[in-house]
Amino acid sequence: MVKMDIIQKLESKAKQHRKEIIQMVYDAQSGHPGGSLSAIDIITALYGYKLKFNPKKPDWPDRDRFVYSKGHACPALYAVLADHGYFSKGEFKKFRKLGGMLQGHADRKWTPGVEFSAGSLGQGLGFAIGIALAGRLDKKNYKVYCMIGDGECEEGAVWEGAMAAAQFKLKNLIAIMDSNKVQQTGKVKDIMNLEPIEAKWKAFGWRTIAINGHNMKDIVSALDSAVKDDGRPSIIIANTIKGKGVSFMELNEKFHGKAPNDEEYKKAMGELNA
């Protein structure tokens, strides 16, 4: 069982990262706060508890890999990477600005620690499968984690990847679905209903673990369970809330890709500081 002090530390970090996400997007007056806020608890736990990595050697061959397929929600990833020493938090001020290393979609050529250059949705899982297969060929013991969005699962390439991962028995691959229920223009269930989503992944040959994606105990327990070897890829289906932590952003598609104005910024930071 994970000690409570570890859980509390991760919760505290996630709260701080939420403020950094809002600050980044507000300063740039551009970006994607909703999906960043839904994913941040999981990414905080990944780097603070589970991943094997070395910020001083971002290309260390034996590192675990995190493929962030929903890379438009990059403020969450940037907040965590900076916290672990990949670059200075001073870079936050240059988010989405010319000459800065923090692009509007995560880009491995610009940002230390980023494994996958994101843009078109539906591509990350296939990329992660390639890394997992390479690890097998190279006889490496690293794990490959891939976060996808629920709206992203409307892309056919996701399900081609799901078939391939099961076919090749990629036990070193762990997908994480940020199921925040909202995509750019509305509710996922209204645009393309995915349910029963857990049954779908099981039917494709994956081991499934469904959790509350904002409960840190659930998250670390799922990360521990997902690496247990039963010869299959695993997926953690994290039930989350888009915009989690900021009342007027929660489940609000308007904040998929919209920065807060001055009044909204003050309200958001007030809630996060409460």
# chains A, B, ... in the order shown; residues from 1 in each chain; ligands from 1
call {"tool": "select_by_dssp", "arguments": {"residues": "segment 23-267 of chain A", "states": "alpha helix (DSSP H)", "output": "compact mmCIF listing (two decimals) with N, CA and C atoms, in the first residue's frame"}}
result
# COMPACT_ATOMS: atom_id res chain seq x y z
N GLN A 23 -2.05 29.84 -15.32
CA GLN A 23 -1.14 30.97 -15.52
C GLN A 23 -0.56 30.96 -16.93
N MET A 24 -0.13 29.79 -17.38
CA MET A 24 0.45 29.68 -18.72
C MET A 24 -0.54 30.11 -19.80
N VAL A 25 -1.74 29.56 -19.72
CA VAL A 25 -2.74 29.83 -20.76
C VAL A 25 -3.19 31.29 -20.70
N TYR A 26 -3.32 31.83 -19.49
CA TYR A 26 -3.71 33.23 -19.34
C TYR A 26 -2.63 34.16 -19.90
N ASP A 27 -1.39 33.91 -19.56
CA ASP A 27 -0.29 34.77 -20.04
C ASP A 27 -0.20 34.76 -21.56
N ALA A 28 -0.40 33.58 -22.15
CA ALA A 28 -0.32 33.45 -23.61
C ALA A 28 -1.59 33.93 -24.31
N PRO A 33 -6.95 24.81 -21.69
CA PRO A 33 -6.99 24.56 -20.25
C PRO A 33 -7.83 23.35 -19.84
N GLY A 34 -8.96 23.10 -20.52
CA GLY A 34 -9.88 22.06 -20.07
C GLY A 34 -9.27 20.68 -19.98
N GLY A 35 -8.67 20.23 -21.07
CA GLY A 35 -8.05 18.90 -21.10
C GLY A 35 -6.77 18.81 -20.30
N SER A 36 -6.12 19.95 -20.08
CA SER A 36 -4.93 19.96 -19.21
C SER A 36 -5.33 19.71 -17.76
N LEU A 37 -6.43 20.35 -17.34
CA LEU A 37 -6.88 20.22 -15.95
C LEU A 37 -7.45 18.82 -15.68
N SER A 38 -8.01 18.17 -16.70
CA SER A 38 -8.53 16.81 -16.49
C SER A 38 -7.41 15.78 -16.39
N ALA A 39 -6.28 16.06 -17.05
CA ALA A 39 -5.19 15.08 -17.12
C ALA A 39 -4.14 15.24 -16.04
N ILE A 40 -4.12 16.38 -15.36
CA ILE A 40 -2.95 16.71 -14.53
C ILE A 40 -2.74 15.78 -13.35
N ASP A 41 -3.79 15.27 -12.74
CA ASP A 41 -3.60 14.36 -11.60
C ASP A 41 -2.85 13.11 -12.04
N ILE A 42 -3.21 12.59 -13.20
CA ILE A 42 -2.60 11.36 -13.70
C ILE A 42 -1.14 11.60 -14.09
N ILE A 43 -0.88 12.70 -14.79
CA ILE A 43 0.50 12.97 -15.22
C ILE A 43 1.39 13.25 -14.00
N THR A 44 0.84 13.94 -13.02
CA THR A 44 1.59 14.18 -11.78
C THR A 44 1.99 12.87 -11.12
N ALA A 45 1.06 11.92 -11.05
CA ALA A 45 1.35 10.63 -10.44
C ALA A 45 2.33 9.81 -11.27
N CYS A 74 -0.93 20.35 -23.67
CA CYS A 74 0.46 20.30 -23.24
C CYS A 74 0.79 21.12 -21.99
N PRO A 75 0.03 22.15 -21.59
CA PRO A 75 0.39 22.84 -20.35
C PRO A 75 0.53 21.89 -19.15
N ALA A 76 -0.29 20.85 -19.12
CA ALA A 76 -0.18 19.88 -18.03
C ALA A 76 1.17 19.17 -18.06
N LEU A 77 1.59 18.74 -19.23
CA LEU A 77 2.87 18.06 -19.36
C LEU A 77 4.02 19.00 -19.05
N TYR A 78 3.95 20.23 -19.54
CA TYR A 78 5.03 21.20 -19.30
C TYR A 78 5.19 21.49 -17.80
N ALA A 79 4.07 21.62 -17.10
CA ALA A 79 4.13 21.90 -15.67
C ALA A 79 4.88 20.80 -14.93
N VAL A 80 4.61 19.55 -15.30
CA VAL A 80 5.25 18.42 -14.63
C VAL A 80 6.71 18.27 -15.04
N LEU A 81 7.00 18.42 -16.33
CA LEU A 81 8.39 18.30 -16.78
C LEU A 81 9.28 19.36 -16.12
N ALA A 82 8.80 20.58 -16.02
CA ALA A 82 9.58 21.64 -15.37
C ALA A 82 9.79 21.32 -13.90
N ASP A 83 8.77 20.79 -13.25
CA ASP A 83 8.87 20.46 -11.83
C ASP A 83 9.94 19.41 -11.58
N GLY A 124 -0.93 8.91 -31.47
CA GLY A 124 -0.02 8.57 -30.38
C GLY A 124 0.04 7.10 -30.04
N LEU A 125 -1.10 6.41 -30.08
CA LEU A 125 -1.09 5.00 -29.70
C LEU A 125 -0.24 4.18 -30.67
N GLY A 126 -0.36 4.44 -31.96
CA GLY A 126 0.47 3.73 -32.93
C GLY A 126 1.95 4.00 -32.71
N PHE A 127 2.28 5.24 -32.39
CA PHE A 127 3.67 5.61 -32.09
C PHE A 127 4.17 4.85 -30.87
N ALA A 128 3.32 4.78 -29.83
CA ALA A 128 3.69 4.05 -28.61
C ALA A 128 3.88 2.56 -28.87
N ILE A 129 3.07 2.02 -29.76
CA ILE A 129 3.21 0.61 -30.12
C ILE A 129 4.56 0.37 -30.78
N GLY A 130 4.98 1.29 -31.64
CA GLY A 130 6.29 1.16 -32.27
C GLY A 130 7.41 1.16 -31.26
N ILE A 131 7.32 2.05 -30.26
CA ILE A 131 8.35 2.10 -29.21
C ILE A 131 8.34 0.81 -28.39
N ALA A 132 7.15 0.31 -28.09
CA ALA A 132 7.05 -0.93 -27.30
C ALA A 132 7.65 -2.11 -28.06
N LEU A 133 7.39 -2.18 -29.37
CA LEU A 133 7.97 -3.25 -30.18
C LEU A 133 9.49 -3.12 -30.25
N ALA A 134 9.97 -1.88 -30.36
CA ALA A 134 11.42 -1.65 -30.39
C ALA A 134 12.07 -2.10 -29.08
N GLY A 135 11.38 -1.83 -27.96
CA GLY A 135 11.90 -2.26 -26.68
C GLY A 135 12.03 -3.77 -26.59
N ARG A 136 11.06 -4.46 -27.16
CA ARG A 136 11.13 -5.93 -27.18
C ARG A 136 12.31 -6.40 -28.03
N LEU A 137 12.46 -5.81 -29.22
CA LEU A 137 13.55 -6.20 -30.11
C LEU A 137 14.92 -5.93 -29.49
N GLY A 156 -10.34 6.33 -36.09
CA GLY A 156 -10.19 4.92 -36.42
C GLY A 156 -8.80 4.37 -36.15
N ALA A 157 -7.78 5.23 -36.25
CA ALA A 157 -6.41 4.77 -36.03
C ALA A 157 -6.20 4.25 -34.61
N VAL A 158 -6.97 4.78 -33.66
CA VAL A 158 -6.86 4.30 -32.28
C VAL A 158 -7.21 2.81 -32.22
N TRP A 159 -8.26 2.42 -32.93
CA TRP A 159 -8.71 1.04 -32.86
C TRP A 159 -7.84 0.11 -33.70
N GLU A 160 -7.22 0.62 -34.75
CA GLU A 160 -6.21 -0.17 -35.45
C GLU A 160 -5.05 -0.46 -34.51
N GLY A 161 -4.64 0.55 -33.76
CA GLY A 161 -3.58 0.36 -32.78
C GLY A 161 -3.98 -0.60 -31.68
N ALA A 162 -5.22 -0.50 -31.25
CA ALA A 162 -5.70 -1.40 -30.19
C ALA A 162 -5.62 -2.86 -30.64
N MET A 163 -6.01 -3.11 -31.89
CA MET A 163 -5.90 -4.47 -32.42
C MET A 163 -4.46 -4.94 -32.47
N ALA A 164 -3.58 -4.07 -32.97
CA ALA A 164 -2.18 -4.45 -33.15
C ALA A 164 -1.51 -4.74 -31.81
N ALA A 165 -1.76 -3.90 -30.81
CA ALA A 165 -1.13 -4.09 -29.51
C ALA A 165 -1.51 -5.43 -28.89
N ALA A 166 -2.78 -5.80 -29.03
CA ALA A 166 -3.23 -7.09 -28.51
C ALA A 166 -2.65 -8.24 -29.34
N GLN A 167 -2.62 -8.06 -30.65
CA GLN A 167 -2.08 -9.10 -31.54
C GLN A 167 -0.63 -9.41 -31.19
N VAL A 188 -19.01 14.25 -25.57
CA VAL A 188 -18.58 13.10 -26.38
C VAL A 188 -19.77 12.21 -26.71
N LYS A 189 -20.64 11.98 -25.74
CA LYS A 189 -21.77 11.06 -25.95
C LYS A 189 -22.74 11.57 -27.01
N ASP A 190 -22.77 12.89 -27.21
CA ASP A 190 -23.67 13.46 -28.21
C ASP A 190 -23.04 13.47 -29.60
N ILE A 191 -21.72 13.58 -29.65
CA ILE A 191 -21.03 13.68 -30.94
C ILE A 191 -20.74 12.30 -31.52
N MET A 192 -20.20 11.40 -30.69
CA MET A 192 -19.98 10.01 -31.10
C MET A 192 -19.86 9.18 -29.83
N ILE A 197 -17.43 1.73 -23.26
CA ILE A 197 -16.03 1.85 -23.65
C ILE A 197 -15.14 0.77 -23.03
N GLU A 198 -15.37 0.42 -21.77
CA GLU A 198 -14.53 -0.61 -21.15
C GLU A 198 -14.74 -1.95 -21.85
N ALA A 199 -15.97 -2.26 -22.18
CA ALA A 199 -16.27 -3.51 -22.89
C ALA A 199 -15.60 -3.54 -24.26
N LYS A 200 -15.53 -2.39 -24.92
CA LYS A 200 -14.87 -2.33 -26.23
C LYS A 200 -13.39 -2.69 -26.12
N TRP A 201 -12.70 -2.08 -25.15
CA TRP A 201 -11.27 -2.37 -24.99
C TRP A 201 -11.05 -3.84 -24.60
N LYS A 202 -11.92 -4.37 -23.77
CA LYS A 202 -11.81 -5.80 -23.41
C LYS A 202 -11.99 -6.67 -24.64
N ALA A 203 -12.95 -6.31 -25.49
CA ALA A 203 -13.21 -7.08 -26.70
C ALA A 203 -12.02 -7.03 -27.66
N MET A 216 -6.17 10.32 -6.16
CA MET A 216 -4.76 9.94 -6.25
C MET A 216 -4.52 8.51 -5.78
N LYS A 217 -5.27 8.05 -4.80
CA LYS A 217 -5.12 6.65 -4.35
C LYS A 217 -5.48 5.70 -5.49
N ASP A 218 -6.58 5.99 -6.17
CA ASP A 218 -6.99 5.16 -7.30
C ASP A 218 -5.93 5.18 -8.41
N ILE A 219 -5.38 6.35 -8.66
CA ILE A 219 -4.41 6.48 -9.76
C ILE A 219 -3.16 5.66 -9.49
N VAL A 220 -2.57 5.80 -8.30
CA VAL A 220 -1.32 5.07 -8.03
C VAL A 220 -1.58 3.57 -7.95
N SER A 221 -2.75 3.19 -7.44
CA SER A 221 -3.09 1.77 -7.40
C SER A 221 -3.22 1.20 -8.81
N ALA A 222 -3.85 1.97 -9.71
CA ALA A 222 -4.00 1.52 -11.09
C ALA A 222 -2.65 1.44 -11.80
N LEU A 223 -1.76 2.39 -11.52
CA LEU A 223 -0.43 2.35 -12.15
C LEU A 223 0.35 1.12 -11.68
N ASP A 224 0.19 0.75 -10.43
CA ASP A 224 0.83 -0.46 -9.92
C ASP A 224 0.24 -1.71 -10.57
N SER A 225 -1.07 -1.74 -10.69
CA SER A 225 -1.75 -2.91 -11.26
C SER A 225 -1.45 -3.07 -12.75
N ALA A 226 -1.33 -1.94 -13.46
CA ALA A 226 -1.17 -1.99 -14.92
C ALA A 226 0.14 -2.61 -15.35
N ASP A 262 -9.44 38.46 -17.93
CA ASP A 262 -8.94 38.95 -16.64
C ASP A 262 -9.83 38.52 -15.48
N GLU A 263 -11.12 38.70 -15.64
CA GLU A 263 -12.06 38.35 -14.57
C GLU A 263 -12.07 36.85 -14.32
N GLU A 264 -12.08 36.08 -15.40
CA GLU A 264 -12.09 34.61 -15.27
C GLU A 264 -10.79 34.12 -14.64
N TYR A 265 -9.69 34.73 -15.01
CA TYR A 265 -8.40 34.37 -14.44
C TYR A 265 -8.40 34.57 -12.92
N LYS A 266 -8.87 35.72 -12.47
CA LYS A 266 -8.91 36.01 -11.03
C LYS A 266 -9.81 35.01 -10.30
N LYS A 267 -10.93 34.69 -10.90
CA LYS A 267 -11.84 33.72 -10.28
C LYS A 267 -11.21 32.33 -10.21
call {"tool": "residues_around", "arguments": {"residues": "Gly243 of chain A", "least_positions_apart": "5", "cutoff": "12 Å", "atoms": "only C-alpha atoms", "output": "JSON, numbers by chain"}}
result
{"A": [18, 21, 22, 32, 33, 34, 35, 36, 37, 38, 39, 40, 41, 73, 76, 180, 181, 182, 183, 214, 248, 249, 250, 251, 252, 253, 254, 255, 256, 257, 258, 259, 260, 268, 272]}
call {"tool": "select_by_dssp", "arguments": {"residues": "segment 10-217 of chain A", "states": "strand (DSSP E or B)", "output": "CSV table (one decimal) with N, CA and C atoms, in the first residue's frame"}}
result
chain,number,residue,atom,x,y,z
A,65,ARG,N,8.9,5.5,-21.3
A,65,ARG,CA,8.4,6.5,-22.2
A,65,ARG,C,7.0,6.9,-21.9
A,66,PHE,N,6.7,8.2,-22.0
A,66,PHE,CA,5.4,8.7,-21.9
A,66,PHE,C,5.0,9.4,-23.2
A,67,VAL,N,4.1,8.8,-24.0
A,67,VAL,CA,3.6,9.3,-25.2
A,67,VAL,C,2.3,10.0,-24.9
A,68,TYR,N,2.3,11.4,-25.1
A,68,TYR,CA,1.2,12.2,-24.7
A,68,TYR,C,0.4,12.5,-26.0
A,144,VAL,N,6.1,1.6,-21.7
A,144,VAL,CA,5.6,2.7,-22.6
A,144,VAL,C,4.2,3.0,-22.1
A,145,TYR,N,4.0,4.3,-21.7
A,145,TYR,CA,2.7,4.8,-21.3
A,145,TYR,C,2.2,5.7,-22.4
A,146,CYS,N,0.9,5.6,-22.7
A,146,CYS,CA,0.4,6.5,-23.8
A,146,CYS,C,-1.0,7.0,-23.3
A,147,MET,N,-1.1,8.4,-23.2
A,147,MET,CA,-2.3,9.0,-22.8
A,147,MET,C,-3.1,9.4,-24.0
A,148,ILE,N,-4.3,9.0,-24.1
A,148,ILE,CA,-5.2,9.3,-25.2
A,148,ILE,C,-6.5,10.0,-24.6
A,149,GLY,N,-7.2,10.8,-25.4
A,149,GLY,CA,-8.5,11.4,-24.9
A,149,GLY,C,-9.6,10.5,-25.3
A,173,LEU,N,3.2,-2.2,-22.7
A,173,LEU,CA,2.4,-1.0,-23.1
A,173,LEU,C,1.2,-0.8,-22.2
A,174,ILE,N,1.1,0.4,-21.6
A,174,ILE,CA,0.0,0.8,-20.8
A,174,ILE,C,-0.6,2.1,-21.4
A,175,ALA,N,-1.8,2.0,-21.8
A,175,ALA,CA,-2.6,3.2,-22.3
A,175,ALA,C,-3.3,3.8,-21.1
A,176,ILE,N,-3.6,5.0,-21.2
A,176,ILE,CA,-4.4,5.7,-20.2
A,176,ILE,C,-5.4,6.6,-21.0
A,177,MET,N,-6.6,6.3,-20.7
A,177,MET,CA,-7.7,7.1,-21.4
A,177,MET,C,-8.2,8.2,-20.5
A,178,ASP,N,-8.0,9.5,-20.9
A,178,ASP,CA,-8.5,10.6,-20.1
A,178,ASP,C,-9.9,10.8,-20.5
A,179,SER,N,-10.8,10.2,-19.9
A,179,SER,CA,-12.2,10.2,-20.2
A,179,SER,C,-13.0,11.3,-19.6
A,182,VAL,N,-15.9,15.5,-22.6
A,182,VAL,CA,-16.2,16.7,-23.4
A,182,VAL,C,-15.1,16.8,-24.4
A,183,GLN,N,-15.5,17.2,-25.7
A,183,GLN,CA,-14.5,17.5,-26.7
A,183,GLN,C,-14.7,18.9,-27.2
A,186,GLY,N,-18.6,19.9,-27.9
A,186,GLY,CA,-19.7,19.4,-27.1
A,186,GLY,C,-19.4,18.1,-26.4
A,187,LYS,N,-20.4,17.5,-25.9
A,187,LYS,CA,-20.3,16.3,-25.1
A,187,LYS,C,-19.9,15.1,-26.0
A,207,ARG,N,-6.4,-5.7,-21.1
A,207,ARG,CA,-6.8,-5.7,-19.7
A,207,ARG,C,-7.2,-4.3,-19.3
A,208,THR,N,-8.3,-4.2,-18.7
A,208,THR,CA,-8.9,-2.8,-18.4
A,208,THR,C,-8.9,-2.6,-16.9
A,209,ILE,N,-8.7,-1.3,-16.5
A,209,ILE,CA,-8.7,-0.9,-15.1
A,209,ILE,C,-9.5,0.4,-15.2
A,210,ALA,N,-10.7,0.5,-14.6
A,210,ALA,CA,-11.4,1.7,-14.6
A,210,ALA,C,-11.3,2.4,-13.2
A,211,ILE,N,-11.0,3.7,-13.2
A,211,ILE,CA,-10.8,4.4,-12.0
A,211,ILE,C,-11.4,5.8,-12.0
A,212,ASN,N,-11.4,6.5,-10.9
A,212,ASN,CA,-11.7,7.9,-10.8
A,212,ASN,C,-10.3,8.6,-11.0
call {"tool": "atom_distance", "arguments": {"atom1": "atom CA of Asn172 of chain A", "atom2": "atom CA of Phe204 of chain A"}}
result
16.7 Å
call {"tool": "atom_distance", "arguments": {"atom1": "atom CA of Glu20 of chain A", "atom2": "atom CA of Ile6 of chain A"}}
result
21.1 Å
call {"tool": "atom_distance", "arguments": {"atom1": "atom CA of Leu194 of chain A", "atom2": "atom CA of Gly151 of chain A"}}
result
8.6 Å
call {"tool": "closest_residue", "arguments": {"among": "A:Val227, A:Met101, A:Val2, A:Leu46", "to": "Ala14 of chain A", "atoms": "only C-alpha atoms"}}
result
A:Leu46
call {"tool": "residues_around", "arguments": {"residues": "His84 of chain A", "least_positions_apart": "5", "cutoff": "9 Å", "atoms": "only C-alpha atoms", "output": "ChimeraX atom specification"}}
result
/A:47-48,55,79
call {"tool": "write_last_selection", "arguments": {"atoms": "C-alpha atoms", "output": "PDB file, in the first residue's frame"}}
result
ATOM      1  CA  TYR A  47       6.220  11.280 -13.033  1.00  0.00           C
ATOM      2  CA  GLY A  48       6.100  11.589  -9.262  1.00  0.00           C
ATOM      3  CA  PRO A  55      16.030  14.779 -16.587  1.00  0.00           C
ATOM      4  CA  ALA A  79       4.135  21.901 -15.668  1.00  0.00           C
TER       5      ALA A  79
END
call {"tool": "closest_residue", "arguments": {"among": "A:Gly119, A:Asn215, A:Trp110, A:Leu102", "to": "Glu11 of chain A", "atoms": "only C-alpha atoms"}}
result
A:Asn215
call {"tool": "closest_residue", "arguments": {"among": "A:Thr185, A:Ser69, A:Thr111, A:Asn239", "to": "Glu152 of chain A", "atoms": "only C-alpha atoms"}}
result
A:Ser69
call {"tool": "closest_residue", "arguments": {"among": "A:Gly90, A:Lys139, A:Ser30, A:Arg63", "to": "Asn261 of chain A", "atoms": "only C-alpha atoms"}}
result
A:Ser30
call {"tool": "decode", "arguments": {"residues": "segment 13-98 of chain A", "atoms": "C-alpha atoms", "output": "PDB file, in the first residue's frame"}}
result
ATOM      1  CA  LYS A  13       1.825  18.927  -6.576  1.00  0.00           C
ATOM      2  CA  ALA A  14      -1.260  18.494  -8.749  1.00  0.00           C
ATOM      3  CA  LYS A  15      -2.903  21.510  -7.116  1.00  0.00           C
ATOM      4  CA  GLN A  16       0.192  23.615  -7.813  1.00  0.00           C
ATOM      5  CA  HIS A  17       0.297  22.405 -11.406  1.00  0.00           C
ATOM      6  CA  ARG A  18      -3.333  23.430 -11.909  1.00  0.00           C
ATOM      7  CA  LYS A  19      -2.368  26.995 -11.036  1.00  0.00           C
ATOM      8  CA  GLU A  20       0.594  26.830 -13.420  1.00  0.00           C
ATOM      9  CA  ILE A  21      -1.687  25.613 -16.221  1.00  0.00           C
ATOM     10  CA  ILE A  22      -4.066  28.532 -15.749  1.00  0.00           C
ATOM     11  CA  GLN A  23      -1.143  30.975 -15.521  1.00  0.00           C
ATOM     12  CA  MET A  24       0.450  29.679 -18.721  1.00  0.00           C
ATOM     13  CA  VAL A  25      -2.744  29.830 -20.755  1.00  0.00           C
ATOM     14  CA  TYR A  26      -3.713  33.233 -19.339  1.00  0.00           C
ATOM     15  CA  ASP A  27      -0.290  34.767 -20.036  1.00  0.00           C
ATOM     16  CA  ALA A  28      -0.324  33.454 -23.606  1.00  0.00           C
ATOM     17  CA  GLN A  29      -4.028  34.232 -24.075  1.00  0.00           C
ATOM     18  CA  SER A  30      -4.047  30.974 -25.986  1.00  0.00           C
ATOM     19  CA  GLY A  31      -4.050  27.270 -25.205  1.00  0.00           C
ATOM     20  CA  HIS A  32      -6.139  24.371 -23.968  1.00  0.00           C
ATOM     21  CA  PRO A  33      -6.987  24.557 -20.252  1.00  0.00           C
ATOM     22  CA  GLY A  34      -9.881  22.063 -20.074  1.00  0.00           C
ATOM     23  CA  GLY A  35      -8.054  18.901 -21.100  1.00  0.00           C
ATOM     24  CA  SER A  36      -4.931  19.963 -19.212  1.00  0.00           C
ATOM     25  CA  LEU A  37      -6.884  20.215 -15.954  1.00  0.00           C
ATOM     26  CA  SER A  38      -8.530  16.815 -16.487  1.00  0.00           C
ATOM     27  CA  ALA A  39      -5.191  15.076 -17.122  1.00  0.00           C
ATOM     28  CA  ILE A  40      -2.952  16.711 -14.534  1.00  0.00           C
ATOM     29  CA  ASP A  41      -3.596  14.360 -11.600  1.00  0.00           C
ATOM     30  CA  ILE A  42      -2.596  11.364 -13.702  1.00  0.00           C
ATOM     31  CA  ILE A  43       0.496  12.973 -15.220  1.00  0.00           C
ATOM     32  CA  THR A  44       1.588  14.181 -11.777  1.00  0.00           C
ATOM     33  CA  ALA A  45       1.351  10.629 -10.438  1.00  0.00           C
ATOM     34  CA  LEU A  46       3.117   9.135 -13.456  1.00  0.00           C
ATOM     35  CA  TYR A  47       6.220  11.280 -13.033  1.00  0.00           C
ATOM     36  CA  GLY A  48       6.100  11.589  -9.262  1.00  0.00           C
ATOM     37  CA  TYR A  49       5.486   7.933  -8.511  1.00  0.00           C
ATOM     38  CA  LYS A  50       5.895   5.483 -11.382  1.00  0.00           C
ATOM     39  CA  LEU A  51       8.050   6.532 -14.357  1.00  0.00           C
ATOM     40  CA  LYS A  52      11.749   5.716 -14.582  1.00  0.00           C
ATOM     41  CA  PHE A  53      13.530   8.735 -16.117  1.00  0.00           C
ATOM     42  CA  ASN A  54      16.547  11.041 -15.856  1.00  0.00           C
ATOM     43  CA  PRO A  55      16.030  14.779 -16.587  1.00  0.00           C
ATOM     44  CA  LYS A  56      19.789  15.247 -16.980  1.00  0.00           C
ATOM     45  CA  LYS A  57      19.780  12.600 -19.717  1.00  0.00           C
ATOM     46  CA  PRO A  58      16.416  12.933 -21.512  1.00  0.00           C
ATOM     47  CA  ASP A  59      17.471  10.324 -24.102  1.00  0.00           C
ATOM     48  CA  TRP A  60      18.642   7.734 -21.565  1.00  0.00           C
ATOM     49  CA  PRO A  61      17.973   4.443 -23.423  1.00  0.00           C
ATOM     50  CA  ASP A  62      16.520   2.629 -20.408  1.00  0.00           C
ATOM     51  CA  ARG A  63      13.969   5.302 -19.475  1.00  0.00           C
ATOM     52  CA  ASP A  64      10.253   4.628 -19.443  1.00  0.00           C
ATOM     53  CA  ARG A  65       8.448   6.485 -22.213  1.00  0.00           C
ATOM     54  CA  PHE A  66       5.356   8.669 -21.904  1.00  0.00           C
ATOM     55  CA  VAL A  67       3.615   9.330 -25.221  1.00  0.00           C
ATOM     56  CA  TYR A  68       1.156  12.190 -24.745  1.00  0.00           C
ATOM     57  CA  SER A  69      -1.163  11.723 -27.681  1.00  0.00           C
ATOM     58  CA  LYS A  70      -3.570  14.473 -26.613  1.00  0.00           C
ATOM     59  CA  GLY A  71      -0.681  16.897 -26.969  1.00  0.00           C
ATOM     60  CA  HIS A  72      -2.834  20.010 -27.401  1.00  0.00           C
ATOM     61  CA  ALA A  73      -3.296  19.798 -23.610  1.00  0.00           C
ATOM     62  CA  CYS A  74       0.458  20.303 -23.235  1.00  0.00           C
ATOM     63  CA  PRO A  75       0.395  22.838 -20.350  1.00  0.00           C
ATOM     64  CA  ALA A  76      -0.182  19.879 -18.027  1.00  0.00           C
ATOM     65  CA  LEU A  77       2.874  18.055 -19.357  1.00  0.00           C
ATOM     66  CA  TYR A  78       5.026  21.196 -19.301  1.00  0.00           C
ATOM     67  CA  ALA A  79       4.135  21.901 -15.668  1.00  0.00           C
ATOM     68  CA  VAL A  80       5.250  18.421 -14.626  1.00  0.00           C
ATOM     69  CA  LEU A  81       8.394  18.301 -16.783  1.00  0.00           C
ATOM     70  CA  ALA A  82       9.583  21.635 -15.371  1.00  0.00           C
ATOM     71  CA  ASP A  83       8.874  20.462 -11.834  1.00  0.00           C
ATOM     72  CA  HIS A  84      11.160  17.478 -12.415  1.00  0.00           C
ATOM     73  CA  GLY A  85      13.996  19.587 -13.802  1.00  0.00           C
ATOM     74  CA  TYR A  86      13.785  19.160 -17.571  1.00  0.00           C
ATOM     75  CA  PHE A  87      13.765  22.947 -17.978  1.00  0.00           C
ATOM     76  CA  SER A  88      13.211  26.093 -15.929  1.00  0.00           C
ATOM     77  CA  LYS A  89       9.721  27.201 -14.930  1.00  0.00           C
ATOM     78  CA  GLY A  90      10.749  30.565 -16.341  1.00  0.00           C
ATOM     79  CA  GLU A  91       9.951  29.032 -19.739  1.00  0.00           C
ATOM     80  CA  PHE A  92       6.250  29.142 -18.834  1.00  0.00           C
ATOM     81  CA  LYS A  93       6.233  32.838 -19.718  1.00  0.00           C
ATOM     82  CA  LYS A  94       7.239  31.921 -23.272  1.00  0.00           C
ATOM     83  CA  PHE A  95       4.453  29.355 -23.768  1.00  0.00           C
ATOM     84  CA  ARG A  96       3.110  29.684 -27.323  1.00  0.00           C
ATOM     85  CA  LYS A  97       5.438  32.593 -28.042  1.00  0.00           C
ATOM     86  CA  LEU A  98       7.973  32.894 -30.863  1.00  0.00           C
TER      87      LEU A  98
END
